[in-house]
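Note sheet for the following structure.
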Amino acid sequence: MAGDRFMAARKRNALLLLLAPISIILGIFFLIPLGIVVVYSFLEPGLYGGVEWTWYPYNYGRILGWPLNDYEEFDPIYLKIFATSLKYALMTVVFSLLICYPAAFWVSRRSERWKGFVLFLITLPFFASLLIRIYAWLLLLRPTGFVNTALEAAGIISQPLDLLFSGTAVVLGMVYIFTPFMFLPIYANVEKLDFSLVRASQDLGASPIQTFLRVILPLTAPGMVAGSIIVFIPALGNFIVPSLLGGAKVQMTGNLIERSFLQSRDWPFGSALALLIMASVVVVLMIQTVKAGRAKGGRPA
Amino acid sequence: MKNKRQMLWSALLKGYGVLFLVFLYLPLGLIVAFSFNANPINVAEWTGFTLDWYATIFQGASVEGNFDAAFTESPERIFDVIRTSFVVALSAASAATVIGTATALALARHKFFGKRFYQALLLLPMLVPDIVLGIALLIFFVGVGIELGLMTIIIGHVTFLSSYVFVVVSARLAGMDTTLEQASADLGAGPLTTFRRVTLPQIMPGVVGGFLLAFIISLDDVVITYFIAGVGSQTLPLFILAMMRRGLRPQITALAVLILLFSLIVASIGLILRNRKP
């Protein structure tokens, strides 16, 4: 008995020891800083970049429409930029979904040996420097880049197209960067897909389109949703891609946040913008959780 | 009839798969090929083979007879930046490996109150957008009075890398046979001995793989580092970002290729170790 208690105490100490480092790291350098961002977003910006410790909801007011009298005007530009960010993030999700979905089926049909190798090839670019992958597109899209030179050589165009510094370039860049993020969850789902159900549907006389819409699509939906969320989150807050491929023409909320912190030094305003991004992320995750819960409860498959 | 249609579909799918890989690798391949292009203005127009861009990264001065090879960054500066990056990546990845592995062991081998809280908490750094984590750390460090620099970059990297290593090592632990650990404990070995002699050797590929992948993620991180680096310390990605913003130079392409090759080699080893069946 005493030995048991001794062992239990020892086990508890081991657990505490194992959990202490992560608790310190994520507690002090993750949760507290995020909490401070929330607090900062309600503080008044100071004169020279600091903050005044007074309640000040007008950071949000400047963005959403209740500015502090005439001193700070409400400018719908911030909402418009946020809407642009949402649009580009959603476009990125849709295009990478369309690109990755058939690819997942392709990989799942390979033989075991090839499968491992192809999966490795698809995962690998994730570890190639983000900047360098963007740089590749800079070289591809610029007026004297690969795309324009090739098109001119083929005689399709006589003047270089203005491909760089546009919304298209930004979406293209983000799709390229986030493809491995989208692919892996979809693949994990497609790989588990029970093809006997597909055959049953065909045997029962369903057309290929019916089989796809009624059997394959619902069965692979969880992977598509997971991939979409994993791509949507970093795409929405992105600032590196728009600042390099979008130039001065494309503004996303990430660029505004960056400028509030490093140039105009209005940290409370930047914090409010960052929380707008966080709020969108939380909303997306909550919808997903509720839907997943309902799917589990509603369909006792 | 049906067979023919299926064959067509399967051929289409195969063709698509090849295109998919081309989409992933062609942009990277083009950088590599054209880092040897002598044409400094139009990268896409091949005017001859040269190694000048590589040479000038580390020599600084212009190559004789090639005006465009002039490169304003001094070699000392570049070596300095590379050293900073390696110090950060080695320290952050090492710390994250220890912390992530310890956490994975705690969650895989112990039952305790609050386990689900920790599981959710560990996913958070991967779900919070980089830019939000970056500014949160910036406000925190400045508020607490820690001077921005090498130390703050390392701490920042450890926060998100620990979660990453945790995921990799957890996967390894989940696929592991626990009977050996039980046998070791039954034979009277202490927890530490069991860990060192039984558990660690089995999860070693996961731990090393996790370390290498964390090392590369740290080496390549731009966004979080961008906010917490301060003025004194510059990592390689920040250096390249600054160069890219000043205008495209062929030397950036050459430097990009060197980093690309290094990242891909280390990440390959990491991935192979991570994926090895227990």
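Residue names in the structure tokens use chain letters A, B, ... in the order shown, residue numbers from 1 in each chain, and ligand numbers from 1 in the order shown.
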
Using only C-alpha atoms, which protein or nucleic acid residues come within 9 Å of Met126 in chain B? Drop anything in the same chain fewer than 2 positions from it, and give the result as a VMD selection string.
chain B and resid 122 to 124 128 to 130 160 163 to 164

Restricting it to N, CA and C atoms, dump the selection as a CSV table (one decimal), in the first residue's frame.
chain,number,residue,atom,x,y,z
B,122,LEU,N,-2.1,23.2,-27.1
B,122,LEU,CA,-0.9,23.0,-28.0
B,122,LEU,C,-1.2,23.2,-29.5
B,123,LEU,N,-2.5,23.1,-29.8
B,123,LEU,CA,-2.9,23.3,-31.2
B,123,LEU,C,-2.9,24.8,-31.5
B,124,LEU,N,-3.2,25.6,-30.5
B,124,LEU,CA,-3.4,27.1,-30.7
B,124,LEU,C,-2.3,27.8,-31.4
B,128,VAL,N,-3.2,30.3,-34.5
B,128,VAL,CA,-3.2,31.7,-34.5
B,128,VAL,C,-2.3,32.2,-35.6
B,129,PRO,N,-2.9,33.2,-36.4
B,129,PRO,CA,-2.1,33.7,-37.6
B,129,PRO,C,-0.7,34.2,-37.1
B,130,ASP,N,0.3,34.0,-37.9
B,130,ASP,CA,1.7,34.4,-37.5
B,130,ASP,C,1.7,35.9,-37.1
B,160,PHE,N,6.3,28.6,-30.9
B,160,PHE,CA,5.5,27.8,-31.9
B,160,PHE,C,6.1,26.5,-32.4
B,163,SER,N,5.1,23.3,-30.2
B,163,SER,CA,3.8,22.6,-30.6
B,163,SER,C,4.1,21.7,-31.8
B,164,TYR,N,5.0,22.1,-32.7
B,164,TYR,CA,5.3,21.4,-33.9
B,164,TYR,C,6.0,20.1,-33.5

What residues in chain B have any atom no more than 7 Å from chain A when counting only C-alpha atoms, and can you write them as number ranges by chain?
B: 13-14, 17, 20, 27-28, 31, 42-44, 99, 102-103, 106, 129, 131-132, 136-137, 140, 159, 216-217, 220, 256, 260, 263-264, 267-268

As a PyMOL selection string, list the residues of range 85-185 of chain A assigned to alpha helix (DSSP H) by DSSP on the backbone atoms of this structure.
chain A and resi 85-108+112-123+130-141+146-153+167-185

Counting only C-alpha atoms, which of B:Leu127, B:Ala214, B:Ile41, B:Leu271 gets nearest to Leu90 in chain B?
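The answer is B:Ala214, which sits nearest to Leu90 in chain B.
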
Write out as a PyMOL selection string the residues lying within 8 Å of Val158 in chain B, counting only C-alpha atoms and excluding same-chain residues fewer than 6 positions away.
(chain A and resi 25) or (chain B and resi 92-93+95-96)

Quick one, how far is CA of Leu236 in chain B from CA of Arg249 in chain B?
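These two atoms are separated by 16.1 Å.
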
As an NGL selection string, please: the residues near Gly246 in chain A (cut-off 8 Å, only C-alpha atoms, same-chain neighbours under 5 positions excluded).
:A and (164-167 or 169-170 or 241 or 251)
